[in-house]
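K.L.:
So I've got this file, my_file31.cif, and it contains mmCIF, C-alpha atoms:
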data_query
loop_
_atom_site.group_PDB
_atom_site.id
_atom_site.type_symbol
_atom_site.label_atom_id
_atom_site.label_comp_id
_atom_site.auth_asym_id
_atom_site.auth_seq_id
_atom_site.Cartn_x
_atom_site.Cartn_y
_atom_site.Cartn_z
ATOM 1 C CA HIS A 24 136.208 84.020 77.298
ATOM 2 C CA ARG A 25 136.640 82.735 80.799
ATOM 3 C CA ILE A 26 137.576 84.367 84.062
ATOM 4 C CA THR A 27 138.857 82.399 87.048
ATOM 5 C CA VAL A 28 139.616 83.562 90.558
ATOM 6 C CA ASP A 29 141.871 81.758 92.989
ATOM 7 C CA ALA A 30 141.650 82.665 96.669
ATOM 8 C CA VAL A 31 143.909 81.546 99.463
ATOM 9 C CA MET A 32 142.592 81.887 103.014
ATOM 10 C CA SER A 33 144.838 83.336 105.648
ATOM 11 C CA GLY A 34 145.387 81.536 108.930
ATOM 12 C CA ALA A 35 143.158 84.044 110.755
ATOM 13 C CA MET A 36 140.297 83.482 108.306
ATOM 14 C CA HIS A 37 140.682 79.723 108.622
ATOM 15 C CA ASN A 38 140.464 80.001 112.440
ATOM 16 C CA GLU A 39 137.352 82.219 112.252
ATOM 17 C CA LEU A 40 135.554 79.752 109.969
ATOM 18 C CA GLY A 41 136.023 77.114 112.657
ATOM 19 C CA ARG A 42 133.883 79.252 114.994
ATOM 20 C CA VAL A 43 130.927 79.438 112.587
ATOM 21 C CA GLY A 44 127.933 77.430 113.777
ATOM 22 C CA VAL A 45 124.270 76.822 112.998
ATOM 23 C CA GLU A 46 121.507 78.091 115.245
ATOM 24 C CA VAL A 47 118.174 76.289 114.844
ATOM 25 C CA LEU A 48 115.344 78.727 115.488
ATOM 26 C CA GLY A 49 112.616 76.096 115.192
ATOM 27 C CA VAL A 50 110.607 74.360 112.551
ATOM 28 C CA THR A 51 107.704 75.909 110.709
ATOM 29 C CA GLY A 52 104.380 74.813 112.066
ATOM 30 C CA PRO A 53 101.709 72.969 110.134
ATOM 31 C CA GLU A 54 99.416 76.002 110.102
ATOM 32 C CA GLY A 55 98.804 78.279 107.176
ATOM 33 C CA ARG A 56 99.717 81.941 107.115
ATOM 34 C CA ILE A 57 98.696 85.071 105.214
ATOM 35 C CA MET A 58 101.800 87.128 104.508
ATOM 36 C CA LEU A 59 100.517 89.970 102.307
ATOM 37 C CA VAL A 60 97.256 91.279 100.858
ATOM 38 C CA THR A 61 97.504 93.499 97.767
ATOM 39 C CA ASP A 62 94.602 95.484 96.318
ATOM 40 C CA ILE A 63 94.770 94.893 92.547
ATOM 41 C CA ALA A 64 92.919 98.137 91.658
ATOM 42 C CA THR A 65 95.345 100.428 93.497
ATOM 43 C CA GLY A 66 98.434 98.221 93.890
ATOM 44 C CA ARG A 67 98.496 99.072 97.599
ATOM 45 C CA SER A 68 99.419 96.598 100.329
ATOM 46 C CA ASP A 69 98.580 98.819 103.308
ATOM 47 C CA GLY A 70 95.287 97.172 104.298
ATOM 48 C CA SER A 71 93.063 99.100 101.905
ATOM 49 C CA VAL A 72 90.774 97.104 99.597
ATOM 50 C CA THR A 73 88.419 98.162 96.803
ATOM 51 C CA PRO A 74 84.896 96.635 97.012
ATOM 52 C CA GLY A 75 83.920 94.960 93.742
ATOM 53 C CA ASP A 76 87.543 94.502 92.684
ATOM 54 C CA ASP A 77 90.152 91.799 93.291
ATOM 55 C CA ILE A 78 92.782 91.350 95.966
ATOM 56 C CA ARG A 79 95.779 89.049 95.879
ATOM 57 C CA ILE A 80 96.423 87.088 99.060
ATOM 58 C CA ASP A 81 99.993 85.781 99.329
ATOM 59 C CA GLY A 82 100.821 83.255 101.994
ATOM 60 C CA TYR A 83 101.496 79.671 102.985
ATOM 61 C CA LYS A 84 98.881 76.892 102.710
ATOM 62 C CA VAL A 85 96.100 79.329 101.777
ATOM 63 C CA LYS A 86 94.455 77.184 99.078
ATOM 64 C CA ILE A 87 90.669 76.910 99.507
ATOM 65 C CA THR A 88 89.752 73.226 99.737
ATOM 66 C CA GLY A 89 86.835 71.490 101.419
ATOM 67 C CA LEU A 90 85.120 68.124 101.511
ATOM 68 C CA PRO A 91 83.394 67.081 98.285
ATOM 69 C CA GLN A 92 79.634 67.647 98.394
ATOM 70 C CA PRO A 93 77.011 65.352 96.790
ATOM 71 C CA ASP A 94 75.678 68.262 94.702
ATOM 72 C CA GLY A 95 79.187 69.173 93.534
ATOM 73 C CA GLY A 96 79.120 72.444 95.470
ATOM 74 C CA THR A 97 81.445 73.891 98.059
ATOM 75 C CA GLU A 98 81.445 72.673 101.644
ATOM 76 C CA PRO A 99 79.541 75.158 103.848
ATOM 77 C CA GLY A 100 81.814 77.420 105.896
ATOM 78 C CA ILE A 101 84.821 76.991 103.582
ATOM 79 C CA GLY A 102 86.105 80.085 101.733
ATOM 80 C CA VAL A 103 87.407 83.611 102.121
ATOM 81 C CA PHE A 104 85.495 85.847 104.534
ATOM 82 C CA PHE A 105 85.536 89.496 105.529
ATOM 83 C CA ILE A 106 84.540 89.852 109.199
ATOM 84 C CA GLY A 107 83.074 93.188 110.331
ATOM 85 C CA PRO A 108 83.577 94.731 113.799
ATOM 86 C CA ASP A 109 80.138 93.462 114.863
ATOM 87 C CA GLY A 110 80.935 89.881 113.799
ATOM 88 C CA ARG A 111 78.888 90.017 110.592
ATOM 89 C CA GLN A 112 80.648 88.299 107.708
ATOM 90 C CA TRP A 113 80.732 88.603 103.939
ATOM 91 C CA GLN A 114 82.027 85.769 101.792
ATOM 92 C CA ALA A 115 84.070 86.411 98.667
ATOM 93 C CA ALA A 116 81.867 85.319 95.798
ATOM 94 C CA ARG A 117 84.694 84.545 93.398
ATOM 95 C CA VAL A 118 88.147 83.013 93.779
ATOM 96 C CA SER A 119 89.941 83.409 90.423
ATOM 97 C CA GLU A 120 93.223 81.772 91.403
ATOM 98 C CA ASN A 121 93.378 79.130 94.116
ATOM 99 C CA LYS A 122 96.935 78.014 94.826
ATOM 100 C CA PRO A 123 98.734 76.998 98.028
ATOM 101 C CA SER A 124 100.914 80.137 97.866
ATOM 102 C CA HIS A 125 98.364 82.726 96.735
ATOM 103 C CA LEU A 126 94.717 83.485 96.011
ATOM 104 C CA LEU A 127 93.064 86.012 93.728
ATOM 105 C CA VAL A 128 89.746 86.946 95.342
ATOM 106 C CA ARG A 129 86.905 89.351 94.513
ATOM 107 C CA VAL A 130 86.008 91.718 97.393
ATOM 108 C CA PRO A 131 82.198 91.752 97.921
ATOM 109 C CA ASP A 132 80.424 94.795 96.426
ATOM 110 C CA ASP A 133 78.319 95.282 99.558
ATOM 111 C CA LEU A 134 81.262 95.314 101.997
ATOM 112 C CA PRO A 135 80.588 98.320 104.275
ATOM 113 C CA ARG A 136 83.176 101.065 104.684
ATOM 114 C CA LEU A 137 84.209 99.695 108.101
ATOM 115 C CA THR A 138 87.461 98.100 109.166
ATOM 116 C CA CYS A 139 87.224 94.325 108.871
ATOM 117 C CA ARG A 140 89.355 91.209 109.292
ATOM 118 C CA LEU A 141 90.265 88.807 106.506
ATOM 119 C CA ARG A 142 89.698 85.140 107.306
ATOM 120 C CA ILE A 143 90.375 82.030 105.226
ATOM 121 C CA VAL A 144 88.689 78.774 106.211
ATOM 122 C CA THR A 145 90.087 75.688 104.469
ATOM 123 C CA ARG A 146 90.879 72.013 104.902
ATOM 124 C CA TYR A 147 93.986 72.253 102.710
ATOM 125 C CA THR A 148 97.210 70.899 104.148
ATOM 126 C CA ARG A 149 99.440 69.453 101.413
ATOM 127 C CA GLY A 150 98.816 67.460 98.258
ATOM 128 C CA VAL A 151 95.435 65.727 98.036
ATOM 129 C CA ARG A 152 95.096 64.904 101.737
ATOM 130 C CA LEU A 153 92.602 67.093 103.657
ATOM 131 C CA LEU A 154 92.522 68.131 107.299
ATOM 132 C CA LYS A 155 89.929 66.453 109.528
ATOM 133 C CA GLU A 156 88.705 69.854 110.739
ATOM 134 C CA PRO A 157 88.755 73.174 108.849
ATOM 135 C CA ARG A 158 91.681 75.481 109.558
ATOM 136 C CA ILE A 159 91.127 79.205 110.182
ATOM 137 C CA ILE A 160 93.795 81.592 108.929
ATOM 138 C CA GLU A 161 93.439 85.302 109.759
ATOM 139 C CA TYR A 162 95.413 88.244 108.409
ATOM 140 C CA HIS A 163 97.109 90.264 111.140
ATOM 141 C CA ILE A 164 96.445 93.643 109.473
ATOM 142 C CA PRO A 165 92.866 94.987 109.486
ATOM 143 C CA LEU A 166 91.408 95.776 106.044
ATOM 144 C CA THR A 167 89.631 99.026 105.226
ATOM 145 C CA PRO A 168 87.345 99.256 102.177
ATOM 146 C CA ILE A 169 87.999 102.386 100.101
ATOM 147 C CA VAL A 170 86.299 104.139 97.217
ATOM 148 C CA PRO A 171 88.740 104.479 94.307
#
Mind turning the file's structure into structure tokens?
P.N.:
Amino acid sequence: HRITVDAVMSGAMHNELGRVGVEVLGVTGPEGRIMLVTDIATGRSDGSVTPGDDIRIDGYKVKITGLPQPDGGTEPGIGVFFIGPDGRQWQAARVSENKPSHLLVRVPDDLPRLTCRLRIVTRYTRGVRLLKEPRIIEYHIPLTPIVP
């Protein structure tokens, strides 16, 4: 079976198509961006997170990458951090998935029940090339730890 449709434009439609144009709003910058944080335990994306459980961070250029260390460890200061209102920070101990478009991260068990900011520090840019200086990416919505 096959269905075909033939359409013939009217003169008015042809004239209107001549007025269609392209508006360039700008190019995307080289920086990374966090678009959405979802709490895996509750399925919520409203800024609530469950300590001791995972969150999914969706974004652009969010992969955690740092300079190789002689001991094979992670470069100091690179990772996913939760920043408290007093400036104290907690680092996510485990990153289960580490991709340019999303991360799966364990929220620290000892994260206090205070509103905090999510920060990613990485040297990732594209491919295997690394940035000369670490990039800081912060989520625009504050996170609030909850008890399930």
K.L.:
Which one is closest to Thr97 (chain A): A:Met36, A:Val128, A:Ala116, A:Ile57? Count all atoms listed in the file.
P.N.:
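Going through A:Met36, A:Val128, A:Ala116, A:Ile57 one by one, the smallest distance to Thr97 (chain A) is for A:Ala116.
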K.L.:
Kindly resolve the PyMOL selection byres ((chain A and resi 159) around 12) on the present coordinates and return the residues as a ChimeraX atom specification.
P.N.:
/A:54-57,84-87,100-104,141-148,154,156-158,160-162
K.L.:
Dig up all the protein and nucleic acid residues within 12 Å of (102.0, 96.0, 99.7) in the file frame, using only C-alpha atoms, and format them as a PDB file with C-alpha atoms, in the coordinates of the input.
P.N.:
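Dumped everything to result_11.pdb:
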ATOM      1  CA  MET A  58     101.800  87.128 104.508  1.00  0.00           C
ATOM      2  CA  LEU A  59     100.517  89.970 102.307  1.00  0.00           C
ATOM      3  CA  VAL A  60      97.256  91.279 100.858  1.00  0.00           C
ATOM      4  CA  THR A  61      97.504  93.499  97.767  1.00  0.00           C
ATOM      5  CA  ASP A  62      94.602  95.484  96.318  1.00  0.00           C
ATOM      6  CA  ILE A  63      94.770  94.893  92.547  1.00  0.00           C
ATOM      7  CA  THR A  65      95.345 100.428  93.497  1.00  0.00           C
ATOM      8  CA  GLY A  66      98.434  98.221  93.890  1.00  0.00           C
ATOM      9  CA  ARG A  67      98.496  99.072  97.599  1.00  0.00           C
ATOM     10  CA  SER A  68      99.419  96.598 100.329  1.00  0.00           C
ATOM     11  CA  ASP A  69      98.580  98.819 103.308  1.00  0.00           C
ATOM     12  CA  GLY A  70      95.287  97.172 104.298  1.00  0.00           C
ATOM     13  CA  SER A  71      93.063  99.100 101.905  1.00  0.00           C
ATOM     14  CA  VAL A  72      90.774  97.104  99.597  1.00  0.00           C
ATOM     15  CA  ILE A  78      92.782  91.350  95.966  1.00  0.00           C
ATOM     16  CA  ARG A  79      95.779  89.049  95.879  1.00  0.00           C
ATOM     17  CA  ILE A  80      96.423  87.088  99.060  1.00  0.00           C
ATOM     18  CA  ASP A  81      99.993  85.781  99.329  1.00  0.00           C
ATOM     19  CA  ILE A 164      96.445  93.643 109.473  1.00  0.00           C
TER      20      ILE A 164
END
K.L.:
I need the residue nearest Lys122 (chain A) from this list: A:Tyr83, A:Gln92, A:Pro108, A:Lys155. Use only C-alpha atoms for the distance.
P.N.:
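Closest to Lys122 (chain A), using only C-alpha atoms: A:Tyr83.
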K.L.:
Just the number, please: distance in Å from CA of Pro93 (chain A) to CA of Leu127 (chain A), one decimal.
P.N.:
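Result for CA of Pro93 (chain A) versus CA of Leu127 (chain A): 26.3 Å, one decimal.
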K.L.:
On this file, the PyMOL selection byres ((chain A and resi 117) around 9) gives some set of residues; write that set as a PyMOL selection string.
P.N.:
chain A and resi 114-116+118-119+127-131
K.L.:
Nearest to Val170 (chain A): which of A:Pro99, A:Gly107, A:Gly75, A:Gly82 is it, counting all atoms listed in the file?
P.N.:
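Comparing A:Pro99, A:Gly107, A:Gly75, A:Gly82 against Val170 (chain A), the winner is A:Gly75.
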K.L.:
Of the residues A:Asp133, A:Ile106, A:Thr88, A:Ala35, which is the one nearest to Arg149 (chain A), using all atoms listed in the file?
P.N.:
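Closest to Arg149 (chain A) of all the choices is A:Thr88.
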K.L.:
Quick one: of A:Ala64, A:Leu137, A:Val43, A:Val31, who's nearest to Pro165 (chain A), counting all atoms listed in the file?
P.N.:
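Smallest separation from Pro165 (chain A) among the options: A:Leu137.
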K.L.:
Which value, in Å to one decimal, gives the distance between CA of Asp109 (chain A) and CA of Cys139 (chain A)?
P.N.:
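It comes out at 9.3 Å.
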K.L.:
To one decimal place in Å, what is the distance between CA of Gly110 (chain A) and CA of Gly96 (chain A)?
P.N.:
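Straight-line distance from CA of Gly110 (chain A) to CA of Gly96 (chain A) works out to 25.4 Å.
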K.L.:
Which residues fall under the PyMOL selection byres ((chain A and resi 73) around 6) in this file, as a PDB file with C-alpha atoms, in the coordinates of the input?
P.N.:
ATOM      1  CA  VAL A  72      90.774  97.104  99.597  1.00  0.00           C
ATOM      2  CA  PRO A  74      84.896  96.635  97.012  1.00  0.00           C
ATOM      3  CA  ASP A  76      87.543  94.502  92.684  1.00  0.00           C
ATOM      4  CA  PRO A 168      87.345  99.256 102.177  1.00  0.00           C
ATOM      5  CA  ILE A 169      87.999 102.386 100.101  1.00  0.00           C
TER       6      ILE A 169
END
K.L.:
Report as JSON the centre and the edge lengths, in Å to one decimal, of the axis-aligned box holding every listed atom of region 86-105 of chain A, padded by 5 Å on each side.
P.N.:
{"center_x": 85.1, "center_y": 77.4, "center_z": 99.7, "size_x": 28.8, "size_y": 34.1, "size_z": 22.4}
K.L.:
Rank A:Thr138, A:Gln112, A:Leu153, A:Asp77 by their smallest atom-to-atom distance to Leu126 (chain A), using only C-alpha atoms, and report the top residue only.
P.N.:
A:Asp77
